[in-house]
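For reference, final.cif is printed below; it contains mmCIF, C-alpha atoms.
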```cif
data_coords
loop_
_atom_site.label_atom_id
_atom_site.label_comp_id
_atom_site.auth_asym_id
_atom_site.auth_seq_id
_atom_site.Cartn_x
_atom_site.Cartn_y
_atom_site.Cartn_z
CA MET A 2 -1.23 19.14 -14.30
CA ASN A 3 1.56 17.33 -12.49
CA LEU A 4 2.17 13.70 -13.34
CA LEU A 5 2.68 12.82 -9.67
CA SER A 6 2.14 14.92 -6.56
CA VAL A 7 2.67 14.14 -2.89
CA THR A 8 1.04 16.21 -0.15
CA GLY A 9 1.63 15.90 3.58
CA VAL A 10 2.77 12.27 3.50
CA SER A 11 3.86 10.93 6.91
CA HIS A 12 4.47 7.36 8.02
CA ASN A 13 5.57 5.47 11.12
CA TYR A 14 6.77 1.89 11.60
CA PRO A 15 6.28 -0.02 14.86
CA HIS A 16 9.49 -0.11 16.92
CA HIS A 17 11.19 2.27 14.44
CA GLY A 18 9.17 5.45 14.90
CA ARG A 19 8.73 8.10 12.24
CA VAL A 20 10.24 7.34 8.83
CA LEU A 21 8.50 10.04 6.75
CA HIS A 22 7.21 13.43 7.89
CA GLU A 23 5.12 15.90 5.89
CA ILE A 24 6.61 15.04 2.49
CA GLN A 25 5.68 17.47 -0.28
CA LEU A 26 6.82 16.99 -3.88
CA ALA A 27 5.62 17.11 -7.47
CA ILE A 28 6.98 15.68 -10.70
CA ALA A 29 5.90 16.92 -14.13
CA SER A 30 5.78 14.93 -17.35
CA GLY A 31 9.25 14.63 -18.89
CA GLU A 32 10.98 16.03 -15.82
CA THR A 33 14.05 14.45 -14.23
CA VAL A 34 14.32 14.82 -10.45
CA ALA A 35 16.99 13.54 -8.07
CA LEU A 36 16.28 12.46 -4.50
CA LEU A 37 19.41 12.63 -2.37
CA GLY A 38 19.95 11.56 1.20
CA ARG A 39 21.98 9.40 3.53
CA SER A 40 21.18 5.72 4.00
CA GLY A 41 18.15 5.27 6.24
CA CYS A 42 16.67 8.72 5.65
CA GLY A 43 13.47 7.34 4.09
CA LYS A 44 14.16 7.51 0.35
CA SER A 45 13.36 3.89 -0.48
CA THR A 46 10.28 3.91 1.77
CA LEU A 47 8.98 6.92 -0.14
CA ALA A 48 9.70 5.18 -3.46
CA ARG A 49 7.64 2.14 -2.44
CA MET A 50 4.74 4.41 -1.54
CA LEU A 51 4.94 6.29 -4.83
CA VAL A 52 4.36 3.05 -6.76
CA GLY A 53 1.65 1.80 -4.41
CA LEU A 54 3.60 -0.98 -2.68
CA GLU A 55 2.87 0.68 0.67
CA THR A 56 0.15 3.09 1.77
CA PRO A 57 1.10 6.13 3.87
CA GLN A 58 -0.68 6.59 7.19
CA HIS A 59 -1.20 10.30 6.52
CA GLY A 60 -1.27 12.46 3.41
CA ASP A 61 -2.08 11.93 -0.27
CA ILE A 62 -0.24 10.59 -3.28
CA VAL A 63 -1.97 11.70 -6.49
CA TRP A 64 -1.33 10.25 -9.94
CA ARG A 65 -2.50 12.42 -12.86
CA GLY A 66 -5.13 14.07 -10.70
CA THR A 67 -6.44 10.93 -8.97
CA PRO A 68 -5.38 9.77 -5.47
CA LEU A 69 -3.85 6.30 -5.50
CA THR A 70 -6.43 5.18 -2.96
CA ALA A 71 -9.21 6.07 -5.44
CA LEU A 72 -7.89 4.09 -8.41
CA LYS A 73 -10.23 1.27 -9.40
CA GLY A 74 -10.47 -1.40 -12.09
CA GLU A 75 -8.67 -0.61 -15.34
CA ALA A 76 -7.16 2.54 -13.80
CA VAL A 77 -5.13 0.33 -11.44
CA GLY A 78 -3.68 -1.63 -14.36
CA ALA A 79 -2.87 1.59 -16.23
CA PHE A 80 -1.10 2.97 -13.15
CA ARG A 81 0.99 -0.19 -12.77
CA ARG A 82 2.02 0.12 -16.39
CA ASP A 83 2.74 3.84 -16.36
CA ILE A 84 4.94 3.96 -13.25
CA GLN A 85 7.87 1.56 -12.88
CA LEU A 86 10.39 1.09 -10.07
CA VAL A 87 13.88 -0.37 -10.53
CA PHE A 88 15.26 -1.58 -7.20
CA GLN A 89 18.85 -1.30 -6.03
CA ASP A 90 19.11 -5.03 -5.23
CA ALA A 91 18.54 -6.66 -8.60
CA PHE A 92 18.83 -10.23 -7.29
CA SER A 93 15.94 -9.69 -4.86
CA ALA A 94 13.81 -8.11 -7.60
CA VAL A 95 13.62 -11.15 -9.89
CA ASN A 96 12.47 -14.75 -9.70
CA PRO A 97 15.70 -16.81 -9.73
CA ARG A 98 13.94 -19.65 -11.56
CA LYS A 99 12.97 -17.54 -14.56
CA THR A 100 15.08 -16.82 -17.61
CA VAL A 101 15.97 -13.36 -18.86
CA ARG A 102 13.41 -13.81 -21.63
CA GLU A 103 10.66 -14.54 -19.09
CA ILE A 104 11.71 -11.72 -16.74
CA VAL A 105 11.64 -9.00 -19.41
CA SER A 106 8.50 -10.31 -21.14
CA GLU A 107 6.45 -10.59 -17.93
CA PRO A 108 5.15 -6.98 -17.87
CA LEU A 109 4.53 -7.14 -21.62
CA ARG A 110 2.26 -10.13 -21.10
CA HIS A 111 0.35 -8.81 -18.10
CA LEU A 112 0.28 -5.05 -18.70
CA LEU A 113 0.24 -4.71 -22.50
CA ARG A 114 -1.16 -8.10 -23.53
CA LEU A 115 1.02 -8.35 -26.62
CA SER A 116 1.14 -11.42 -28.82
CA ARG A 117 3.98 -13.91 -28.39
CA GLU A 118 5.71 -12.63 -31.53
CA GLU A 119 5.39 -8.99 -30.44
CA ARG A 120 6.72 -9.83 -26.97
CA ALA A 121 9.71 -11.67 -28.41
CA ARG A 122 10.60 -8.74 -30.65
CA GLN A 123 10.17 -6.20 -27.85
CA VAL A 124 12.31 -8.23 -25.43
CA GLU A 125 15.18 -8.40 -27.92
CA GLU A 126 14.92 -4.66 -28.62
CA MET A 127 15.05 -3.80 -24.92
CA LEU A 128 18.06 -6.03 -24.27
CA GLN A 129 19.92 -4.33 -27.09
CA ALA A 130 18.89 -0.93 -25.72
CA VAL A 131 20.63 -1.67 -22.40
CA ASP A 132 23.69 -3.15 -24.17
CA LEU A 133 23.01 -6.82 -23.44
CA SER A 134 23.46 -9.65 -25.92
CA THR A 135 20.42 -11.66 -26.95
CA MET A 136 22.57 -14.71 -26.18
CA LEU A 137 21.59 -14.10 -22.54
CA LEU A 138 17.88 -14.64 -23.20
CA ASP A 139 17.85 -18.18 -21.83
CA LYS A 140 20.18 -17.50 -18.89
CA ARG A 141 18.94 -17.35 -15.31
CA PRO A 142 19.81 -14.65 -12.74
CA THR A 143 22.51 -16.74 -11.04
CA GLN A 144 24.31 -17.01 -14.39
CA LEU A 145 24.60 -13.23 -14.76
CA SER A 146 26.85 -10.64 -13.18
CA GLY A 147 25.33 -8.01 -10.90
CA GLY A 148 25.66 -5.36 -13.60
CA GLN A 149 24.05 -7.57 -16.23
CA LEU A 150 21.11 -8.40 -13.97
CA GLN A 151 20.61 -4.74 -13.11
CA ARG A 152 20.34 -3.99 -16.82
CA VAL A 153 17.82 -6.81 -17.21
CA CYS A 154 15.70 -5.15 -14.51
CA LEU A 155 16.03 -1.82 -16.29
CA ALA A 156 15.00 -3.40 -19.59
CA ARG A 157 11.97 -4.95 -17.89
CA ALA A 158 10.88 -1.56 -16.52
CA LEU A 159 11.42 0.29 -19.80
CA ALA A 160 9.68 -2.36 -21.91
CA VAL A 161 6.20 -0.98 -21.14
CA ARG A 162 7.24 2.63 -21.94
CA PRO A 163 6.35 4.03 -18.50
CA GLN A 164 5.42 7.67 -17.97
CA LEU A 165 7.44 7.75 -14.73
CA LEU A 166 10.53 5.66 -14.04
CA ILE A 167 11.85 5.51 -10.46
CA LEU A 168 15.46 4.35 -10.15
CA ASP A 169 16.44 3.41 -6.59
CA GLU A 170 20.25 3.49 -6.85
CA ALA A 171 19.72 1.39 -9.96
CA VAL A 172 22.58 2.77 -12.08
CA SER A 173 25.06 3.65 -9.35
CA ASN A 174 26.74 0.23 -9.44
CA LEU A 175 27.24 0.29 -13.22
CA ASP A 176 30.53 1.41 -14.77
CA LEU A 177 30.77 4.98 -16.02
CA LEU A 178 30.58 4.07 -19.71
CA LEU A 179 27.42 2.03 -19.21
CA GLN A 180 25.94 4.77 -17.02
CA ALA A 181 26.44 7.21 -19.89
CA GLU A 182 24.74 4.80 -22.33
CA ILE A 183 21.77 4.28 -19.99
CA ILE A 184 21.42 8.03 -19.51
CA ALA A 185 21.44 8.49 -23.29
CA LEU A 186 18.70 5.85 -23.56
CA LEU A 187 16.60 7.59 -20.91
CA LYS A 188 17.01 10.92 -22.69
CA ARG A 189 15.76 9.35 -25.92
CA LEU A 190 12.72 7.96 -24.09
CA GLN A 191 12.06 11.37 -22.59
CA ALA A 192 12.22 13.02 -25.99
CA GLN A 193 10.00 10.38 -27.62
CA PHE A 194 7.47 9.57 -24.91
CA GLY A 195 7.82 12.33 -22.30
CA THR A 196 9.02 9.83 -19.69
CA ALA A 197 9.74 11.41 -16.30
CA CYS A 198 12.51 10.04 -14.06
CA LEU A 199 13.05 10.08 -10.31
CA PHE A 200 16.64 9.21 -9.46
CA ILE A 201 17.27 8.01 -5.91
CA THR A 202 21.02 8.23 -5.74
CA HIS A 203 24.16 9.19 -3.87
CA ASP A 204 25.98 10.01 -7.12
CA LEU A 205 26.11 13.79 -7.32
CA ARG A 206 27.92 13.67 -10.66
CA LEU A 207 24.97 11.75 -12.10
CA VAL A 208 22.66 14.44 -10.72
CA GLU A 209 24.66 17.19 -12.41
CA ARG A 210 24.71 15.40 -15.78
CA PHE A 211 21.08 14.35 -16.04
CA CYS A 212 18.71 15.94 -13.50
CA GLN A 213 16.84 19.23 -13.57
CA ARG A 214 15.87 19.43 -9.90
CA VAL A 215 17.21 17.89 -6.72
CA LEU A 216 15.46 17.11 -3.43
CA VAL A 217 17.51 16.49 -0.29
CA MET A 218 16.11 14.23 2.45
CA GLU A 219 17.21 14.01 6.07
CA HIS A 220 15.49 12.07 8.88
CA GLY A 221 12.35 11.48 6.80
CA CYS A 222 11.92 15.12 5.75
CA ILE A 223 12.70 16.96 2.53
CA VAL A 224 15.01 19.69 3.76
CA GLU A 225 15.97 21.29 0.44
CA THR A 226 14.68 21.65 -3.10
CA ALA A 227 17.05 23.14 -5.66
CA THR A 228 17.45 23.61 -9.39
CA VAL A 229 20.48 21.73 -10.68
CA SER A 230 23.32 23.95 -11.81
CA LEU A 231 26.94 23.38 -12.79
CA PRO A 232 28.57 23.11 -10.37
CA LEU A 233 25.80 21.85 -8.08
CA ARG A 234 25.35 24.15 -5.07
CA LEU A 235 23.42 22.75 -2.12
CA ARG A 236 22.73 24.99 0.88
CA SER A 237 21.26 22.68 3.51
CA PRO A 238 23.66 21.05 6.02
CA ALA A 239 22.53 17.61 4.80
CA GLY A 240 23.17 18.53 1.16
CA GLN A 241 26.56 20.04 1.89
CA ALA A 242 27.56 16.96 3.89
CA LEU A 243 26.78 14.78 0.86
CA GLN A 244 28.84 17.04 -1.37
CA GLN A 245 31.79 17.01 0.99
CA ALA A 246 31.72 13.20 1.02
CA VAL A 247 32.34 13.01 -2.75
CA LEU A 248 35.90 12.05 -3.64
CA PRO A 249 37.68 14.61 -5.86
CA PRO A 250 38.55 13.55 -9.43
CA PHE A 251 42.29 13.61 -8.69
CA PRO A 252 42.73 12.97 -4.95
CA ALA A 253 46.46 12.35 -5.25
CA THR A 254 46.99 15.84 -6.69
CA LEU A 255 45.07 17.45 -3.83
CA LEU A 256 46.95 15.33 -1.31
CA ASN A 257 50.30 16.46 -2.72
CA GLU A 258 49.19 20.09 -2.58
CA ALA A 259 48.09 19.71 1.03
CA MET A 260 51.30 17.97 2.09
CA PRO A 261 54.32 19.82 0.68
CA CYS A 262 57.50 17.81 0.42
CA SER A 263 60.02 18.38 3.21
CA ALA A 264 63.51 19.53 2.35
#
```

Here is a file; write its structure as structure tokens.
Amino acid sequence: MNLLSVTGVSHNYPHHGRVLHEIQLAIASGETVALLGRSGCGKSTLARMLVGLETPQHGDIVWRGTPLTALKGEAVGAFRRDIQLVFQDAFSAVNPRKTVREIVSEPLRHLLRLSREERARQVEEMLQAVDLSTMLLDKRPTQLSGGQLQRVCLARALAVRPQLLILDEAVSNLDLLLQAEIIALLKRLQAQFGTACLFITHDLRLVERFCQRVLVMEHGCIVETATVSLPLRLRSPAGQALQQAVLPPFPATLLNEAMPCSA
């Protein structure tokens, strides 16, 4: 059984028209899938629907065999624990009045109902897992850098050991070394708990290093599904356009080759 499946999902917004059209996808337990697409193609809208923040006008989103619209009572709480979304804009995703300690412990209090001592220990462990000092525990969002706050949001999502983690451009603004450390952490979680990941990203190098499948979106439709290979080979015009937009590792070398020196 798939962990999450989407069948025939379509959605329109007033004054904006169609944003999603006949979306079909499935994610298995422990699988890592990338969702690629240009800005405005519908990726973030789809992510909000996958976690239940919005309801599609047409189609079904099914979590472990049960449509989201049919979840009731304790099943709703379990769903909110088991699927976590990390937004691209970390500052908009937190309460600016709360400390790091309160931000990370919030899902532990509401979704796992741990004791105060257990929450404190778990919060410290998660901060260390995302390479943040426990000296930041009593800091507020405005006292952190963008990268630090993004890691706080990641720690908050991982604290409840979700079965599916959706990352909406959540690691793209981190430096390469920290990206590698976060990927290593996610791989450990996958090995230990079978956590699945959906990466919404423009970073094709991240896709090649970590993902097993890639979905390409264009104008609210999934136009290509491919198995990740090295190097990544996309066949749709939208996928190829994204690949062509990636800067080469050594642009100066290519520039010199393209422009031979005059005598």

Find the residues around region 67-70 of chain A up to 9 Å (only C-alpha atoms counted), leave out those fewer than 5 positions away in its own chain, and share them as a VMD selection string. chain A and resid 51 to 53 56 61 to 62 77 80

Output for the residues just chosen: C-alpha atoms as a compact mmCIF listing (two decimals), in the coordinates of the input:
```
# COMPACT_ATOMS: atom_id res chain seq x y z
CA LEU A 51 4.94 6.29 -4.83
CA VAL A 52 4.36 3.05 -6.76
CA GLY A 53 1.65 1.80 -4.41
CA THR A 56 0.15 3.09 1.77
CA ASP A 61 -2.08 11.93 -0.27
CA ILE A 62 -0.24 10.59 -3.28
CA VAL A 77 -5.13 0.33 -11.44
CA PHE A 80 -1.10 2.97 -13.15
```

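Distance check against Arg236 (chain A) using all atoms listed in the file: of A:Leu150, A:Ile104, A:Val215, A:Cys222, the minimum falls on A:Val215.
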
Taking the file as shown, what set of residues would the PyMOL selection byres ((chain A and resi 174-189) around 12) give back, as a count of residues only? 57

Using only C-alpha atoms, can you tell me which of A:Leu36, A:Val153, A:Val124, A:Met50 comes closest to Gly240 (chain A)? A:Leu36

Rank A:Arg65, A:Arg117, A:Arg141, A:Arg81 by their smallest atom-to-atom distance to Arg98 (chain A), using all atoms listed in the file, and report the top residue only.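 Among the listed residues, the smallest separation from Arg98 (chain A) belongs to A:Arg141.
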
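Put simply, CA of Leu54 (chain A) is 27.3 Å away from CA of Leu205 (chain A).
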
Write out as a list of chain:residue names which residues come within 7 Å of Pro57 (chain A) when counting all atoms listed in the file, dropping same-chain ones fewer than 2 positions away.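 Final neighbour list, sorted by chain and number: A:Val10, A:Ser11, A:His12, A:Met50, A:Glu55, A:His59, A:Gly60.
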
So what does the PyMOL selection byres ((chain A and resi 44) around 10) actually pick up in this one, as a list in words?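 Answer for the PyMOL selection byres ((chain A and resi 44) around 10): Val20, Leu21, Leu36, Leu37, Gly38, Arg39, Ser40, Gly41, Cys42, Gly43, Ser45, Thr46, Leu47, Ala48, Arg49, Asp169, Ile201, Thr202, Val217, Met218, Glu219, His220, Gly221, Cys222 and Ile223 of chain A.
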
Point out the residue among A:Leu4, A:Val34, A:Ala94, A:His16 with the least atom-to-atom distance to Arg214 (chain A), counting all atoms listed in the file. A:Val34

Separation of CA of Gln85 (chain A) from CA of Ser106 (chain A), in Å and rounded to one decimal: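 It comes out at 14.5 Å.
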
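Taking CA of Leu138 (chain A) as the reference point, CA of Glu126 (chain A) is found at 11.7 Å.
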
Which one is closest to Glu107 (chain A): A:Val63, A:Cys154, A:Leu5, A:Ala227? Count only C-alpha atoms.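 Ranked by minimum distance to Glu107 (chain A), first place goes to A:Cys154.
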